[in-house]
>>> print(open('final01.csv').read())   # CSV, C-alpha atoms and all ligand atoms
chain,number,residue,atom,x,y,z
A,1,MET,CA,23.7,-5.1,3.1
A,2,PRO,CA,22.3,-1.5,2.6
A,3,ILE,CA,21.3,0.4,5.6
A,4,HIS,CA,17.6,1.2,5.7
A,5,GLU,CA,17.5,3.3,8.8
A,6,LYS,CA,15.2,6.3,8.8
A,7,SER,CA,15.5,8.9,11.5
A,8,LEU,CA,12.6,10.2,13.6
A,9,ILE,CA,14.6,13.5,13.7
A,10,ARG,CA,12.9,15.9,11.3
A,11,PRO,CA,15.2,18.0,9.1
A,12,GLU,CA,13.3,21.2,10.2
A,13,ASN,CA,14.3,20.4,13.9
A,14,LEU,CA,18.0,20.5,13.1
A,15,VAL,CA,19.5,23.9,13.8
A,16,THR,CA,23.0,25.1,13.0
A,17,HIS,CA,24.7,28.5,13.2
A,18,ASP,CA,26.6,29.8,10.2
A,19,HIS,CA,28.9,31.8,12.4
A,20,LEU,CA,29.4,30.8,16.1
A,21,GLU,CA,32.4,31.0,18.3
A,22,LEU,CA,32.4,29.5,21.8
A,23,ASP,CA,35.3,30.2,24.2
A,24,GLY,CA,37.5,31.2,21.2
A,25,VAL,CA,36.6,28.0,19.4
A,26,ASP,CA,35.0,28.3,16.0
A,27,VAL,CA,32.0,25.9,16.0
A,28,SER,CA,30.3,27.4,12.9
A,29,GLY,CA,28.3,25.1,10.6
A,30,HIS,CA,27.6,21.5,11.4
A,31,TRP,CA,29.9,21.7,14.5
A,32,SER,CA,27.2,23.7,16.2
A,33,THR,CA,24.3,21.4,15.2
A,34,PHE,CA,21.6,20.8,17.8
A,35,ILE,CA,18.2,19.2,17.7
A,36,GLU,CA,15.2,21.2,18.8
A,37,SER,CA,13.2,19.1,21.3
A,38,ARG,CA,9.8,17.9,20.3
A,39,VAL,CA,7.0,16.6,22.4
A,40,VAL,CA,4.9,13.8,21.0
A,41,THR,CA,1.3,14.1,22.1
A,42,ASP,CA,-0.5,12.2,19.5
A,43,TYR,CA,0.2,8.6,20.4
A,44,ASN,CA,-2.5,6.3,19.0
A,45,GLU,CA,-2.5,3.5,21.5
A,46,VAL,CA,-4.8,1.3,19.4
A,47,LEU,CA,-3.0,1.9,16.1
A,48,GLU,CA,-1.4,-1.6,16.1
A,49,ASP,CA,-4.6,-3.2,17.1
A,50,GLU,CA,-6.5,-1.4,14.3
A,51,ILE,CA,-4.0,-2.5,11.6
A,52,ALA,CA,-4.0,-6.0,13.0
A,53,ALA,CA,-7.7,-6.1,12.7
A,54,LEU,CA,-7.6,-5.5,8.9
A,55,PRO,CA,-6.9,-8.3,6.4
A,56,GLY,CA,-3.1,-8.7,6.0
A,57,GLY,CA,-2.1,-7.0,9.2
A,58,GLU,CA,-2.8,-9.9,11.6
A,59,PHE,CA,0.9,-10.7,12.3
A,60,ILE,CA,2.4,-7.3,12.7
A,61,HIS,CA,3.1,-8.0,16.4
A,62,ARG,CA,5.7,-10.6,15.4
A,63,CYS,CA,8.1,-8.0,13.8
A,64,TRP,CA,11.5,-7.8,15.4
A,65,GLN,CA,12.8,-5.0,13.1
A,66,CYS,CA,15.5,-6.9,11.2
A,67,GLY,CA,14.9,-4.8,8.1
A,68,SER,CA,15.0,-7.8,5.7
A,69,CYS,CA,11.6,-6.7,4.2
A,70,THR,CA,12.9,-3.3,3.3
A,71,ASN,CA,16.2,-4.8,2.0
A,72,ALA,CA,14.3,-7.1,-0.4
A,73,CYS,CA,11.7,-4.5,-1.4
A,74,THR,CA,11.2,-3.7,-5.1
A,75,VAL,CA,9.8,-0.3,-4.4
A,76,ASN,CA,12.5,0.6,-1.9
A,77,ALA,CA,15.2,0.0,-4.5
A,78,ILE,CA,13.6,2.9,-6.5
A,79,ASN,CA,12.4,5.1,-3.7
A,80,PRO,CA,14.3,4.8,-0.4
A,81,ASP,CA,11.4,6.5,1.4
A,82,PHE,CA,9.3,3.4,0.8
A,83,ASN,CA,10.3,1.6,4.0
A,84,PRO,CA,8.0,-1.2,5.3
A,85,ARG,CA,10.3,-1.9,8.4
A,86,TYR,CA,10.0,1.8,9.4
A,87,TRP,CA,6.2,1.9,9.0
A,88,ILE,CA,5.8,-1.3,11.0
A,89,TYR,CA,7.9,0.4,13.7
A,90,LEU,CA,5.7,3.5,13.7
A,91,ILE,CA,2.5,1.5,13.8
A,92,ARG,CA,3.7,-0.6,16.7
A,93,MET,CA,4.8,2.5,18.6
A,94,GLY,CA,1.5,4.3,17.9
A,95,LEU,CA,3.2,7.2,16.1
A,96,GLU,CA,0.3,8.0,13.9
A,97,GLU,CA,1.4,11.5,13.0
A,98,GLU,CA,4.8,10.2,11.7
A,99,LEU,CA,3.0,7.5,9.7
A,100,LEU,CA,0.7,10.1,8.1
A,101,ARG,CA,3.7,11.9,6.7
A,102,ASP,CA,4.2,9.0,4.3
A,103,LYS,CA,0.5,8.4,3.6
A,104,ASP,CA,0.9,9.2,-0.1
A,105,ILE,CA,3.5,6.5,-0.8
A,106,ILE,CA,2.4,3.5,1.4
A,107,TRP,CA,-0.1,2.4,-1.3
A,108,GLN,CA,2.7,2.1,-3.9
A,109,CYS,CA,3.5,-1.5,-2.7
A,110,VAL,CA,3.4,-3.6,-5.9
A,111,SER,CA,2.6,-6.9,-4.1
A,112,CYS,CA,5.7,-8.6,-5.5
A,113,PHE,CA,5.9,-10.6,-2.2
A,114,LYS,CA,9.7,-10.4,-2.0
A,115,CYS,CA,9.3,-9.1,1.6
A,116,VAL,CA,7.1,-12.0,2.5
A,117,TYR,CA,9.7,-14.5,1.5
A,118,ALA,CA,12.5,-12.5,3.2
A,119,CYS,CA,10.7,-12.1,6.5
A,120,PRO,CA,12.1,-14.5,9.2
A,121,ARG,CA,9.1,-13.9,11.4
A,122,ASP,CA,6.2,-14.5,9.0
A,123,VAL,CA,4.9,-11.0,9.6
A,124,ASN,CA,3.5,-10.8,6.0
A,125,PRO,CA,4.8,-7.3,5.4
A,126,GLU,CA,3.0,-7.1,2.1
A,127,GLY,CA,-0.3,-7.7,4.0
A,128,VAL,CA,0.7,-5.0,6.5
A,129,MET,CA,1.2,-2.5,3.6
A,130,LYS,CA,-2.2,-3.4,2.2
A,131,ALA,CA,-3.8,-3.2,5.6
A,132,THR,CA,-2.2,0.2,6.3
A,133,ALA,CA,-3.3,1.6,2.9
A,134,HIS,CA,-6.8,0.3,3.7
A,135,TRP,CA,-6.7,1.9,7.1
A,136,LEU,CA,-5.6,5.3,5.6
A,137,GLU,CA,-8.6,5.2,3.3
A,138,LEU,CA,-11.1,4.1,5.9
A,139,LYS,CA,-10.0,6.8,8.3
A,140,GLY,CA,-10.3,9.4,5.5
A,141,HIS,CA,-6.6,10.3,5.4
A,142,THR,CA,-6.3,9.4,1.7
A,143,GLU,CA,-8.6,9.0,-1.4
A,144,PRO,CA,-8.8,5.5,-2.9
A,145,LYS,CA,-5.5,5.0,-4.7
A,146,PRO,CA,-5.0,3.4,-8.2
A,147,SER,CA,-4.2,0.1,-6.6
A,148,ALA,CA,-7.5,0.1,-4.6
A,149,VAL,CA,-9.4,1.1,-7.8
A,150,PHE,CA,-7.8,-1.8,-9.7
A,151,ASP,CA,-8.8,-4.2,-6.9
A,152,GLU,CA,-12.3,-2.9,-7.0
A,153,VAL,CA,-12.6,-3.2,-10.8
A,154,PHE,CA,-11.2,-6.7,-10.7
A,155,ALA,CA,-13.5,-7.8,-7.8
A,156,ASP,CA,-16.6,-6.2,-9.4
A,157,GLN,CA,-16.0,-8.3,-12.6
A,158,VAL,CA,-15.5,-11.5,-10.7
A,159,PHE,CA,-18.5,-10.8,-8.7
A,160,ALA,CA,-20.7,-10.0,-11.7
A,161,THR,CA,-19.7,-12.9,-14.0
A,162,GLY,CA,-17.5,-15.4,-12.1
A,163,LYS,CA,-14.8,-14.8,-14.7
A,164,ILE,CA,-12.0,-12.4,-15.5
A,165,GLU,CA,-11.5,-10.8,-18.9
A,166,GLU,CA,-8.3,-8.8,-18.7
A,167,GLY,CA,-9.2,-6.4,-21.5
A,168,ARG,CA,-12.3,-5.3,-19.8
A,169,VAL,CA,-10.6,-4.9,-16.4
A,170,LEU,CA,-7.9,-2.7,-18.0
A,171,LYS,CA,-10.5,-0.6,-19.8
A,172,GLN,CA,-12.5,0.0,-16.7
A,173,PHE,CA,-9.4,0.7,-14.7
A,174,PHE,CA,-8.2,3.3,-17.2
A,175,ARG,CA,-11.6,4.9,-17.4
A,176,ARG,CA,-12.0,5.2,-13.6
A,177,THR,CA,-8.5,6.5,-13.1
A,178,GLY,CA,-8.8,9.0,-16.0
A,179,GLN,CA,-6.0,7.4,-18.1
A,180,PRO,CA,-6.0,7.1,-21.9
A,181,LEU,CA,-6.8,3.6,-23.2
A,182,PHE,CA,-4.0,3.7,-25.8
A,183,GLN,CA,-0.8,3.5,-23.9
A,184,THR,CA,2.5,2.6,-25.5
A,185,TRP,CA,3.2,-0.5,-23.3
A,186,LEU,CA,-0.3,-1.8,-23.9
A,187,VAL,CA,-0.1,-1.4,-27.6
A,188,ALA,CA,3.2,-3.3,-27.6
A,189,LEU,CA,1.6,-6.0,-25.3
A,190,VAL,CA,-1.4,-6.5,-27.6
A,191,ARG,CA,0.9,-6.6,-30.7
A,192,GLY,CA,3.0,-9.3,-29.0
A,193,LEU,CA,-0.1,-11.3,-28.2
A,194,VAL,CA,-1.6,-11.1,-31.7
A,195,SER,CA,1.7,-12.2,-33.2
A,196,ARG,CA,2.3,-15.1,-30.9
A,197,LEU,CA,-1.1,-16.6,-29.8
A,198,PRO,CA,-2.8,-19.2,-32.0
A,199,ALA,CA,-5.7,-17.8,-34.1
A,200,ARG,CA,-8.2,-20.0,-32.2
A,201,MET,CA,-7.3,-18.5,-28.8
A,202,LEU,CA,-7.3,-15.0,-30.2
A,203,MET,CA,-10.9,-15.6,-31.5
A,204,ARG,CA,-12.0,-16.9,-28.1
A,205,LEU,CA,-10.5,-13.8,-26.4
A,206,GLY,CA,-12.3,-11.6,-28.9
A,207,LEU,CA,-15.6,-13.3,-28.3
A,208,ALA,CA,-15.2,-13.1,-24.5
A,209,THR,CA,-14.6,-9.4,-24.8
A,210,LEU,CA,-17.8,-9.0,-26.8
A,211,PHE,CA,-20.2,-11.3,-25.0
A,212,HIS,CA,-19.0,-11.3,-21.4
A,213,PRO,CA,-19.5,-15.0,-20.6
A,214,ARG,CA,-20.5,-16.1,-17.1
A,215,THR,CA,-19.6,-19.0,-15.0
A,216,SER,CA,-22.6,-21.4,-15.0
A,217,GLY,CA,-24.5,-21.5,-11.7
A,218,TRP,CA,-22.7,-18.4,-10.5
A,219,GLY,CA,-25.8,-16.9,-8.8
A,220,ARG,CA,-25.5,-18.9,-5.5
A,221,ALA,CA,-21.7,-18.3,-5.3
A,222,ARG,CA,-22.3,-14.6,-5.9
A,223,ALA,CA,-24.8,-14.3,-3.1
A,224,ALA,CA,-22.5,-16.1,-0.7
A,225,ILE,CA,-19.5,-13.9,-1.7
A,226,GLY,CA,-21.7,-10.8,-1.4
A,227,GLU,CA,-22.7,-11.8,2.1
A,228,TYR,CA,-19.1,-12.4,3.1
A,229,VAL,CA,-17.9,-9.1,1.6
A,230,GLU,CA,-20.7,-7.2,3.5
A,231,GLU,CA,-19.8,-8.9,6.8
A,232,ARG,CA,-16.1,-8.2,6.2
A,233,GLU,CA,-16.6,-4.6,5.5
A,234,ALA,CA,-18.8,-4.1,8.6
A,235,ALA,CA,-16.1,-5.9,10.7
A,236,ASP,CA,-13.3,-3.7,9.4
A,237,ARG,CA,-15.3,-0.5,10.1
A,238,ALA,CA,-16.3,-1.7,13.5
A,239,ALA,CA,-12.6,-2.5,14.4
A,240,LEU,CA,-11.7,1.1,13.5
A,241,GLY,CA,-14.6,2.5,15.5
A,242,LEU,CA,-16.3,3.8,12.4
A,243,GLU,CA,-20.0,4.1,11.7
A,244,ALA,CA,-21.4,1.2,9.8
A,245,ASP,CA,-23.0,3.5,7.1
A,246,GLY,CA,-19.6,4.7,5.8
A,247,ALA,CA,-19.5,8.0,7.7
A,248,ASN,CA,-16.2,8.6,9.5
B,1,LIG,S1,5.3,-6.8,-1.6
B,1,LIG,FE1,5.3,-4.5,-1.4
B,1,LIG,S2,6.4,-4.1,0.5
B,1,LIG,FE2,6.8,-6.2,-0.1
B,1,LIG,S3,8.7,-6.2,-1.3
B,1,LIG,FE3,7.1,-6.0,-2.8
B,1,LIG,S4,6.7,-3.8,-3.0
B,1,LIG,FE4,8.0,-4.1,-1.2
B,2,LIG,S1,11.5,-8.8,7.6
B,2,LIG,FE1,9.8,-9.2,9.0
B,2,LIG,S2,10.7,-9.2,11.1
B,2,LIG,FE2,12.1,-8.2,9.7
B,2,LIG,S3,11.6,-6.0,9.8
B,2,LIG,FE3,10.5,-6.8,8.1
B,2,LIG,S4,8.5,-7.5,8.9
B,2,LIG,FE4,9.9,-7.2,10.7
>>> encode(input="final01.csv", output="structure tokens")
Amino acid sequence: MPIHEKSLIRPENLVTHDHLELDGVDVSGHWSTFIESRVVTDYNEVLEDEIAALPGGEFIHRCWQCGSCTNACTVNAINPDFNPRYWIYLIRMGLEEELLRDKDIIWQCVSCFKCVYACPRDVNPEGVMKATAHWLELKGHTEPKPSAVFDEVFADQVFATGKIEEGRVLKQFFRRTGQPLFQTWLVALVRGLVSRLPARMLMRLGLATLFHPRTSGWGRARAAIGEYVEEREAADRAALGLEADGAN
């Protein structure tokens, strides 16, 4: 099993002497390594409570730091700095400043749920990653990341029509994230679909793209969902001690 430890010792706090002799003994280089002390003054005593109050973070208190989530993680296999176990540790310890050092990669969770299946304590690490990314945005530490933009575009379409039309979701997502519509992988995907799907289904997909069909009687469901979303957003902001109007 790979080791997924990550040290709280910062590289800039490691000091060595290129040339050092003590009592006639040459201790140059790594033999003279010492760690500059550091005083942590920024404990956020409510950090765990705040993450636990957001959707997905509810069971963070169950974590016993076994590392199975990180070991199973798709993103960690590509980038060892992506370390759910370590972030859960930081959150539970209230080490906000350390957590913020990784604020630009936490959102990269691809929701593959491998960690969820691997976790022996039902912590729901994927949910904790989402809650943490949400927390970073609500607190103003990061701009909304592409995954949040995708969620918004997807939810907006469901909210408007009660249906999902993938082509429109992708188009909106590319537009809002400033990406070109014609991407190699997308062209290959569309070609594959056109060559494999029955003509009748292709025609239905084309019509749906043009006419944006709605689920019948969607109005009442939309009102109920809208009410729930408003309540949820207000509860999330209240749990983080933020103003209800969106000001931090
Ligand atoms: S859901 Fe996210 S955190 Fe969990 S294994 Fe997949 S990429 Fe890693
Ligand atoms: S697998 Fe579960 S219990 Fe183990 S470190 Fe990850 S979240 Fe914690």
>>> residues_around(input="final01.csv", residues="region 146-150 of chain A", least_positions_apart="5", cutoff="10 Å", atoms="all atoms listed in the file", output="PDB file with C-alpha atoms, in the coordinates of the input")
ATOM      1  CA  TRP A 107      -0.100   2.400  -1.300  1.00  0.00           C
ATOM      2  CA  GLN A 108       2.700   2.100  -3.900  1.00  0.00           C
ATOM      3  CA  CYS A 109       3.500  -1.500  -2.700  1.00  0.00           C
ATOM      4  CA  VAL A 110       3.400  -3.600  -5.900  1.00  0.00           C
ATOM      5  CA  LYS A 130      -2.200  -3.400   2.200  1.00  0.00           C
ATOM      6  CA  ALA A 133      -3.300   1.600   2.900  1.00  0.00           C
ATOM      7  CA  HIS A 134      -6.800   0.300   3.700  1.00  0.00           C
ATOM      8  CA  GLU A 137      -8.600   5.200   3.300  1.00  0.00           C
ATOM      9  CA  ALA A 155     -13.500  -7.800  -7.800  1.00  0.00           C
ATOM     10  CA  ASP A 156     -16.600  -6.200  -9.400  1.00  0.00           C
ATOM     11  CA  VAL A 169     -10.600  -4.900 -16.400  1.00  0.00           C
ATOM     12  CA  LEU A 170      -7.900  -2.700 -18.000  1.00  0.00           C
ATOM     13  CA  GLN A 172     -12.500   0.000 -16.700  1.00  0.00           C
ATOM     14  CA  PHE A 173      -9.400   0.700 -14.700  1.00  0.00           C
ATOM     15  CA  PHE A 174      -8.200   3.300 -17.200  1.00  0.00           C
ATOM     16  CA  ARG A 176     -12.000   5.200 -13.600  1.00  0.00           C
ATOM     17  CA  THR A 177      -8.500   6.500 -13.100  1.00  0.00           C
TER      18      THR A 177
END
>>> residues_near_ligand(input="final01.csv", ligand="ligand LIG 2 (chain B)", cutoff="8 Å", atoms="all atoms listed in the file", output="PyMOL selection string")
chain A and resi 60+62-70+84-86+88+115-116+118-125
>>> residues_around(input="final01.csv", residues="region 97-105 of chain A", least_positions_apart="3", cutoff="12 Å", atoms="all atoms listed in the file", output="PyMOL selection string")
chain A and resi 6-10+40-44+47-48+75-76+79-94+108-110+129-130+132-137+139-147
>>> closest_residue(input="final01.csv", among="A:Leu22, A:Leu95, A:Ala53, A:Ile106", to="ligand LIG 1 (chain B)", atoms="only C-alpha atoms and all ligand atoms")
A:Ile106
>>> atom_distance(input="final01.csv", atom1="CA of Arg168 (chain A)", atom2="CA of Pro213 (chain A)")
12.1 Å
>>> atom_distance(input="final01.csv", atom1="atom S4 of ligand LIG 1 (chain B)", atom2="CA of Gly127 (chain A)")
10.6 Å
>>> residues_around(input="final01.csv", residues="Ile225 (chain A)", least_positions_apart="5", cutoff="12 Å", atoms="all atoms listed in the file", output="JSON, numbers by chain")
{"A": [155, 156, 158, 159, 160, 162, 218, 219, 220, 230, 231, 232]}
>>> closest_residue(input="final01.csv", among="A:Ile51, A:Ile35, A:Ala72, A:Leu205", to="ligand LIG 1 (chain B)", atoms="only C-alpha atoms and all ligand atoms")
A:Ala72
>>> atom_distance(input="final01.csv", atom1="CA of Gly241 (chain A)", atom2="atom S4 of ligand LIG 1 (chain B)")
28.9 Å
>>> closest_residue(input="final01.csv", among="A:Asp49, A:Trp31, A:Asn71, A:Asp23", to="ligand LIG 1 (chain B)", atoms="all atoms listed in the file")
A:Asn71
